[in-house]
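Peer 1: I am attaching a structure below and will ask some questions about it afterwards.
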Amino acid sequence: MESLYNFTSYELREKLFKKKVSSEEVVKSIYERIEEKEEKIKAFLYLCKKEEVLEKARRVDKKIALGEEVGKLAGIPVGIKDNMCVKGIPATGGSKILKNFIPPYNATVIEKLLQEDVIIMGKLNCDEFAMGSSNENSACYPVRNPWDLNRVPGGSSGGSAASVAASEVILSLGSDTGGSIRLPASFCGIVGIKPTYGRVSRYGLIAFASSLDQIGPLSKDVRDGALMLEVISGYDRRDSTSVNMEVPPYLSLLEEDVKGLKVGIPEELTGDGIDEDIRKRLSEAVVLFEKLGVICETVSLPTLSYALPVYYIISSSEASSNLARFDGVRYGYRDFTGEDIFSMYKKTRGKGFGPEVKRRIMLGTYALSAGYYDACYLKAQKVRTLLKRDFERVFKDFDALLSPVAPTTAFLIGEKIKDPLKMYLTDICTIPVNLAGLPSISVPAGLIKGLPVGLQITGRIFEESTILRLAYSFEQNSGYHTVSVKYSRQKPEESNY
Ligand code: GLN
């Protein structure tokens, strides 16, 4: 019989409701899986105690047995990226400066998940303050890619992706500021969704760049992603950028026909910087979509070439401001060894932040400083507007855009960490989407030399259902999610695990 940890939440939900399995059995199976794999994968920064999670599972089982109403994700084990607040358990954001910080409240997304009776298994490893593309910037240890332990899982939500791919959890939450959900989803062969800016509340998310950050699901297939997105979406008065718009029933819209939809392929994202094999995968995807009656055409968005510099100015500016609060007084780590308060600040921040975070703070502070503000920050904001307009123009004629998620498949640990610019280029396809606030999904598009590769589908604002439909039909007709899931179920067991 198939192990319980290998199922999707949708499949498990059916089994749980029909009382074919209990949540206790599911959680037990997941816990044993974690005990078996975690030593190599390193996806967790905090694992909840076995007896605690089993007790929670038993409570869900009891509710089901008594015929009480239970939530949409009742009894399903999930993992949470460590930059979100879960009451009573540590939230470090992958940083030393937040060591020992235990939030006294839940993020809104956590409240929403708990309302649906999920079982939270623990907190997942990530790049420090979500800054990175490989998870090597975690202050604790890098996460390893379950498909090849010598490779990165992608970042910054590397723990969120690796844990789902290795079946250490059924679903997870990540955050995406410039690609941090889609990139690791692509590298680990799973589905990752970055919702429209404002769709999901950021209350309780440790801020990196507030005008770009969004929380979203990582899952084994599109259906599971749609289910989780439905649960976490919606207006929240505690987030001033949350948008008060009805949340469509994503799950029931998945199967609507995609015939007649018009999809554009931005030529700027299929050029020389993208690996030949990745471009081939994209062309194959186009052929499949055309077979399904989708109209595919090449489009041009000339401003895309400015996205990377614009992103690094804006995100670093916002980060430098957001991270000012970590001063040794209010949260976590403090260095007591100095003589006065100023040396306490200096030493705390000097020792508490890692090199990448310091780089961004310096860059951001510079861009915001008098004399450089107009030339850097203001200019970047203007170009951001042009980029947004470019997307708006294209979306007048097209329902979605199709592109690679990244220029390569998962690279080796250590390959890019010494060269920040090389690392930044990894996000060339994902970053423009955040600057324009659009919804976007990474869906498995097969393997290249044994490593997974994702396809990025981006939509108009608040049209998550269109990209979900496209991703779902791609997945169902290509079968890549089963290749991916099967492979992640079997291969790692035999190979270098
Ligand atoms: N890799 C990008 C960065 O380091 C994006 C990170 C993210 O999406 N959180 O800024």
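Chain labels run A, B, ... following the order of the structure tokens; each chain numbers its residues from 1, and ligands are numbered from 1 in the order shown.
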Could you make a table, as JSON lines, of the residues of chain A that have an atom within 8 Å of an atom of ligand 1, each with its nearest atom pair and distance in Å to one decimal, counting only C-alpha atoms and all ligand atoms, in chain and number order?
Peer 2:
{"residue": "A:Phe129", "atom": "CA", "partner": "ligand 1", "partner_atom_place_in_ligand_line": "9 (N)", "distance": 7.7}
{"residue": "A:Ala130", "atom": "CA", "partner": "ligand 1", "partner_atom_place_in_ligand_line": "9 (N)", "distance": 4.3}
{"residue": "A:Met131", "atom": "CA", "partner": "ligand 1", "partner_atom_place_in_ligand_line": "4 (O)", "distance": 3.8}
{"residue": "A:Gly132", "atom": "CA", "partner": "ligand 1", "partner_atom_place_in_ligand_line": "4 (O)", "distance": 3.5}
{"residue": "A:Ser133", "atom": "CA", "partner": "ligand 1", "partner_atom_place_in_ligand_line": "1 (N)", "distance": 4.1}
{"residue": "A:Ser134", "atom": "CA", "partner": "ligand 1", "partner_atom_place_in_ligand_line": "1 (N)", "distance": 7.8}
{"residue": "A:Gly155", "atom": "CA", "partner": "ligand 1", "partner_atom_place_in_ligand_line": "1 (N)", "distance": 6.5}
{"residue": "A:Ser156", "atom": "CA", "partner": "ligand 1", "partner_atom_place_in_ligand_line": "9 (N)", "distance": 5.3}
{"residue": "A:Ser157", "atom": "CA", "partner": "ligand 1", "partner_atom_place_in_ligand_line": "9 (N)", "distance": 7.4}
{"residue": "A:Ser175", "atom": "CA", "partner": "ligand 1", "partner_atom_place_in_ligand_line": "9 (N)", "distance": 6.3}
{"residue": "A:Asp176", "atom": "CA", "partner": "ligand 1", "partner_atom_place_in_ligand_line": "8 (O)", "distance": 4.0}
{"residue": "A:Thr177", "atom": "CA", "partner": "ligand 1", "partner_atom_place_in_ligand_line": "8 (O)", "distance": 3.4}
{"residue": "A:Gly178", "atom": "CA", "partner": "ligand 1", "partner_atom_place_in_ligand_line": "8 (O)", "distance": 3.5}
{"residue": "A:Gly179", "atom": "CA", "partner": "ligand 1", "partner_atom_place_in_ligand_line": "8 (O)", "distance": 4.2}
{"residue": "A:Ser180", "atom": "CA", "partner": "ligand 1", "partner_atom_place_in_ligand_line": "8 (O)", "distance": 3.6}
{"residue": "A:Ile181", "atom": "CA", "partner": "ligand 1", "partner_atom_place_in_ligand_line": "8 (O)", "distance": 6.8}
{"residue": "A:Phe208", "atom": "CA", "partner": "ligand 1", "partner_atom_place_in_ligand_line": "9 (N)", "distance": 7.4}
{"residue": "A:Asp213", "atom": "CA", "partner": "ligand 1", "partner_atom_place_in_ligand_line": "9 (N)", "distance": 7.2}
{"residue": "A:Tyr311", "atom": "CA", "partner": "ligand 1", "partner_atom_place_in_ligand_line": "10 (O)", "distance": 7.9}
{"residue": "A:Tyr312", "atom": "CA", "partner": "ligand 1", "partner_atom_place_in_ligand_line": "10 (O)", "distance": 7.1}
{"residue": "A:Ser315", "atom": "CA", "partner": "ligand 1", "partner_atom_place_in_ligand_line": "10 (O)", "distance": 7.0}
{"residue": "A:Met423", "atom": "CA", "partner": "ligand 1", "partner_atom_place_in_ligand_line": "1 (N)", "distance": 7.7}
{"residue": "A:Tyr424", "atom": "CA", "partner": "ligand 1", "partner_atom_place_in_ligand_line": "1 (N)", "distance": 6.2}
{"residue": "A:Thr426", "atom": "CA", "partner": "ligand 1", "partner_atom_place_in_ligand_line": "1 (N)", "distance": 7.4}
{"residue": "A:Asp427", "atom": "CA", "partner": "ligand 1", "partner_atom_place_in_ligand_line": "1 (N)", "distance": 6.0}
{"residue": "A:Ile431", "atom": "CA", "partner": "ligand 1", "partner_atom_place_in_ligand_line": "5 (C)", "distance": 7.2}
Peer 1: Next, the residues of the selection above should be written as an mmCIF file, in the first residue's frame with C-alpha atoms.
Peer 2:
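Contents of result.cif, freshly written:
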data_model
loop_
_atom_site.group_PDB
_atom_site.id
_atom_site.type_symbol
_atom_site.label_atom_id
_atom_site.label_comp_id
_atom_site.auth_asym_id
_atom_site.auth_seq_id
_atom_site.Cartn_x
_atom_site.Cartn_y
_atom_site.Cartn_z
ATOM 1 C CA PHE A 129 14.742 37.537 5.872
ATOM 2 C CA ALA A 130 13.812 35.835 2.589
ATOM 3 C CA MET A 131 16.801 37.371 0.796
ATOM 4 C CA GLY A 132 18.241 34.842 -1.576
ATOM 5 C CA SER A 133 17.636 32.401 -4.398
ATOM 6 C CA SER A 134 19.322 29.277 -3.093
ATOM 7 C CA GLY A 155 15.236 30.151 -2.421
ATOM 8 C CA SER A 156 14.194 31.799 -0.427
ATOM 9 C CA SER A 157 11.365 29.387 0.473
ATOM 10 C CA SER A 175 6.548 33.937 0.660
ATOM 11 C CA ASP A 176 7.427 35.499 -2.669
ATOM 12 C CA THR A 177 9.032 38.946 -2.996
ATOM 13 C CA GLY A 178 10.853 38.360 -6.260
ATOM 14 C CA GLY A 179 10.282 34.681 -6.989
ATOM 15 C CA SER A 180 10.828 32.902 -3.704
ATOM 16 C CA ILE A 181 7.833 30.593 -4.067
ATOM 17 C CA PHE A 208 11.270 42.061 3.652
ATOM 18 C CA ASP A 213 5.899 40.471 -0.448
ATOM 19 C CA TYR A 311 13.847 45.406 -8.052
ATOM 20 C CA TYR A 312 17.164 45.598 -6.216
ATOM 21 C CA SER A 315 13.390 45.904 -2.436
ATOM 22 C CA MET A 423 22.755 34.824 -7.986
ATOM 23 C CA TYR A 424 20.485 37.822 -8.681
ATOM 24 C CA THR A 426 18.434 33.584 -11.250
ATOM 25 C CA ASP A 427 15.290 35.677 -10.676
ATOM 26 C CA ILE A 431 10.951 39.494 -10.488
#
Peer 1: If you run DSSP on this backbone, which residues of range 14-54 of chain A come out as strand (DSSP E or B), and could you give them as an mmCIF file with all heavy atoms, in the first residue's frame?
Peer 2:
data_model
loop_
_atom_site.group_PDB
_atom_site.id
_atom_site.type_symbol
_atom_site.label_atom_id
_atom_site.label_comp_id
_atom_site.auth_asym_id
_atom_site.auth_seq_id
_atom_site.Cartn_x
_atom_site.Cartn_y
_atom_site.Cartn_z
ATOM 1 N N PHE A 44 13.645 21.793 7.960
ATOM 2 C CA PHE A 44 13.001 22.386 9.143
ATOM 3 C C PHE A 44 13.980 23.212 9.972
ATOM 4 O O PHE A 44 15.142 22.839 10.135
ATOM 5 C CB PHE A 44 12.444 21.279 10.048
ATOM 6 C CG PHE A 44 11.115 20.731 9.581
ATOM 7 C CD1 PHE A 44 11.064 19.738 8.619
ATOM 8 C CD2 PHE A 44 9.928 21.223 10.103
ATOM 9 C CE1 PHE A 44 9.842 19.232 8.172
ATOM 10 C CE2 PHE A 44 8.702 20.724 9.671
ATOM 11 C CZ PHE A 44 8.661 19.727 8.709
ATOM 12 N N LEU A 45 13.458 24.306 10.518
ATOM 13 C CA LEU A 45 14.217 25.025 11.544
ATOM 14 C C LEU A 45 13.630 24.728 12.915
ATOM 15 O O LEU A 45 14.290 24.848 13.934
ATOM 16 C CB LEU A 45 14.199 26.535 11.280
ATOM 17 C CG LEU A 45 15.043 27.014 10.098
ATOM 18 C CD1 LEU A 45 14.900 28.510 9.899
ATOM 19 C CD2 LEU A 45 16.529 26.658 10.270
ATOM 20 N N TYR A 46 12.362 24.368 12.913
ATOM 21 C CA TYR A 46 11.715 24.002 14.175
ATOM 22 C C TYR A 46 10.682 22.917 13.887
ATOM 23 O O TYR A 46 9.818 23.085 13.026
ATOM 24 C CB TYR A 46 11.029 25.216 14.805
ATOM 25 C CG TYR A 46 10.322 24.892 16.099
ATOM 26 C CD1 TYR A 46 11.014 24.880 17.310
ATOM 27 C CD2 TYR A 46 8.975 24.545 16.106
ATOM 28 C CE1 TYR A 46 10.378 24.551 18.492
ATOM 29 C CE2 TYR A 46 8.319 24.207 17.288
ATOM 30 C CZ TYR A 46 9.029 24.215 18.483
ATOM 31 O OH TYR A 46 8.402 23.882 19.644
ATOM 32 N N LEU A 47 10.792 21.829 14.616
ATOM 33 C CA LEU A 47 9.844 20.734 14.438
ATOM 34 C C LEU A 47 9.013 20.608 15.713
ATOM 35 O O LEU A 47 9.569 20.512 16.812
ATOM 36 C CB LEU A 47 10.628 19.436 14.171
ATOM 37 C CG LEU A 47 9.831 18.162 13.937
ATOM 38 C CD1 LEU A 47 8.934 18.280 12.709
ATOM 39 C CD2 LEU A 47 10.773 16.963 13.759
#
Peer 1: Residues near range 102-106 of chain A, anyone? I mean within 10 Å using only C-alpha atoms, not counting same-chain ones fewer than 5 positions away, as a PyMOL selection string.
Peer 2: chain A and resi 84-92+111-112+114+203-205+331-332
Peer 1: Grab the residues selected above and save them as a compact mmCIF listing (two decimals), in the first residue's frame with N, CA and C atoms.
Peer 2:
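Saved to again-v9.txt:
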# COMPACT_ATOMS: atom_id res chain seq x y z
N MET A 84 6.97 33.58 9.09
CA MET A 84 5.58 33.88 9.45
C MET A 84 5.38 33.55 10.93
N CYS A 85 4.54 34.36 11.58
CA CYS A 85 4.37 34.19 13.02
C CYS A 85 3.32 33.13 13.36
N VAL A 86 3.76 32.14 14.11
CA VAL A 86 2.85 31.15 14.68
C VAL A 86 2.99 31.28 16.19
N LYS A 87 1.89 31.58 16.84
CA LYS A 87 1.90 31.85 18.28
C LYS A 87 2.57 30.72 19.07
N GLY A 88 3.51 31.12 19.91
CA GLY A 88 4.09 30.16 20.84
C GLY A 88 5.25 29.33 20.33
N ILE A 89 5.55 29.40 19.02
CA ILE A 89 6.74 28.69 18.54
C ILE A 89 7.67 29.69 17.83
N PRO A 90 8.98 29.41 17.83
CA PRO A 90 9.94 30.41 17.33
C PRO A 90 9.68 30.85 15.89
N ALA A 91 9.99 32.11 15.62
CA ALA A 91 10.00 32.63 14.25
C ALA A 91 11.31 33.38 14.09
N THR A 92 12.24 32.80 13.35
CA THR A 92 13.56 33.44 13.24
C THR A 92 13.76 34.15 11.90
N GLU A 111 -4.07 31.89 11.23
CA GLU A 111 -5.44 31.84 11.77
C GLU A 111 -6.36 31.14 10.78
N LYS A 112 -6.21 31.50 9.52
CA LYS A 112 -7.10 30.93 8.50
C LYS A 112 -6.87 29.43 8.35
N LEU A 114 -5.68 27.43 10.69
CA LEU A 114 -6.14 26.76 11.91
C LEU A 114 -7.67 26.65 11.94
N TYR A 203 -0.28 40.31 7.31
CA TYR A 203 -0.21 40.52 8.76
C TYR A 203 0.46 39.30 9.41
N GLY A 204 1.54 39.55 10.13
CA GLY A 204 2.25 38.44 10.77
C GLY A 204 3.34 37.82 9.91
N LEU A 205 3.57 38.42 8.74
CA LEU A 205 4.71 38.00 7.91
C LEU A 205 5.86 38.96 8.24
N TYR A 331 13.33 42.75 19.84
CA TYR A 331 13.16 41.33 19.49
C TYR A 331 14.47 40.57 19.67
N GLY A 332 14.34 39.32 20.00
CA GLY A 332 15.41 38.32 19.88
C GLY A 332 16.77 38.70 20.44
Peer 1: How many Å separate CA of Val169 in chain A from CA of Glu256 in chain A?
Peer 2: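 A separation of 29.1 Å between them.
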Peer 1: From a backbone DSSP assignment, name each residue in range 167-237 of chain A labelled helix (DSSP H, G or I), as a ChimeraX atom specification.
Peer 2: /A:182-188,222-232
Peer 1: What's the 12 Å shell around Glu69 in chain A, counting only C-alpha atoms, without same-chain residues fewer than 3 positions away, as a list in words?
Peer 2: Phe17, Val60, Asp61, Lys62, Lys63, Ile64, Ala65, Leu66, Lys72, Leu73, Ala74, Gln115, Glu116 and Asp117 of chain A
Peer 1: Show me, as JSON, numbers by chain, the residues that have an atom within 12 Å of range 345-351 of chain A when counting only C-alpha atoms, minus same-chain residues fewer than 5 positions from it.
Peer 2: {"A": [95, 96, 97, 98, 99, 139, 323, 324, 325, 326, 327, 328, 329, 330, 331, 332, 333, 334, 335, 336, 337, 338, 339, 340, 357, 358, 359, 361]}
Peer 1: So that I can see what lies close to range 214-230 of chain A, please list as an NGL selection string the residues with an atom at most 8 Å from it, counting only C-alpha atoms and leaving out residues fewer than 2 positions away in the same chain.
Peer 2: :A and (8-10 or 160-161 or 164-165 or 170-177 or 181 or 185 or 190-198 or 200-202 or 212 or 232-233 or 247-251 or 254 or 443 or 468 or 471-472 or 475 or 481 or 485)
Peer 1: Under the rule that only C-alpha atoms are counted, which of A:Gly437, A:Ser211, A:Asp257, A:Lys422 is the nearest residue to Ser240 in chain A?
Peer 2: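 Ranking A:Gly437, A:Ser211, A:Asp257, A:Lys422 by distance to Ser240 in chain A, first place goes to A:Ser211.
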Peer 1: Which of these residues is nearest to Leu292 in chain A, using only C-alpha atoms: A:Gly352, A:Lys379, A:Ser473, A:Pro146?
Peer 2: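 The answer is A:Ser473, which sits nearest to Leu292 in chain A.
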Peer 1: Residues within 12 Å of Asn135 in chain A, please, as number ranges by chain. Count only C-alpha atoms; anything in the same chain fewer than 2 positions from it doesn't count.
Peer 2: A: 41-43, 81, 93-95, 124-133, 137-145, 151-162, 180-181, 183-184, 187, 356, 410-414, 416-417, 423
Peer 1: Using only C-alpha atoms, can you tell me which of A:Glu25, A:Glu268, A:Val310, A:Phe7 comes closest to Leu378 in chain A?
Peer 2: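 Closest to Leu378 in chain A, using only C-alpha atoms: A:Val310.
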Peer 1: For a test of reading the model, state the distance in Å between CA of Thr385 in chain A and CA of Ala370 in chain A, rounded to one decimal.
Peer 2: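 According to the coordinates, CA of Thr385 in chain A and CA of Ala370 in chain A are separated by 22.4 Å.
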Peer 1: Just give me the gap between CA of Met121 in chain A and CA of Lys56 in chain A in Å, one decimal is fine.
Peer 2: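 About the pair CA of Met121 in chain A and CA of Lys56 in chain A: they are 10.5 Å apart.
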Peer 1: With distances taken over only C-alpha atoms, which residue among A:Ala107, A:Cys429, A:Cys296, A:Ile206 lies nearest Leu269 in chain A?
Peer 2: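 Comparing A:Ala107, A:Cys429, A:Cys296, A:Ile206 against Leu269 in chain A, the winner is A:Cys429.
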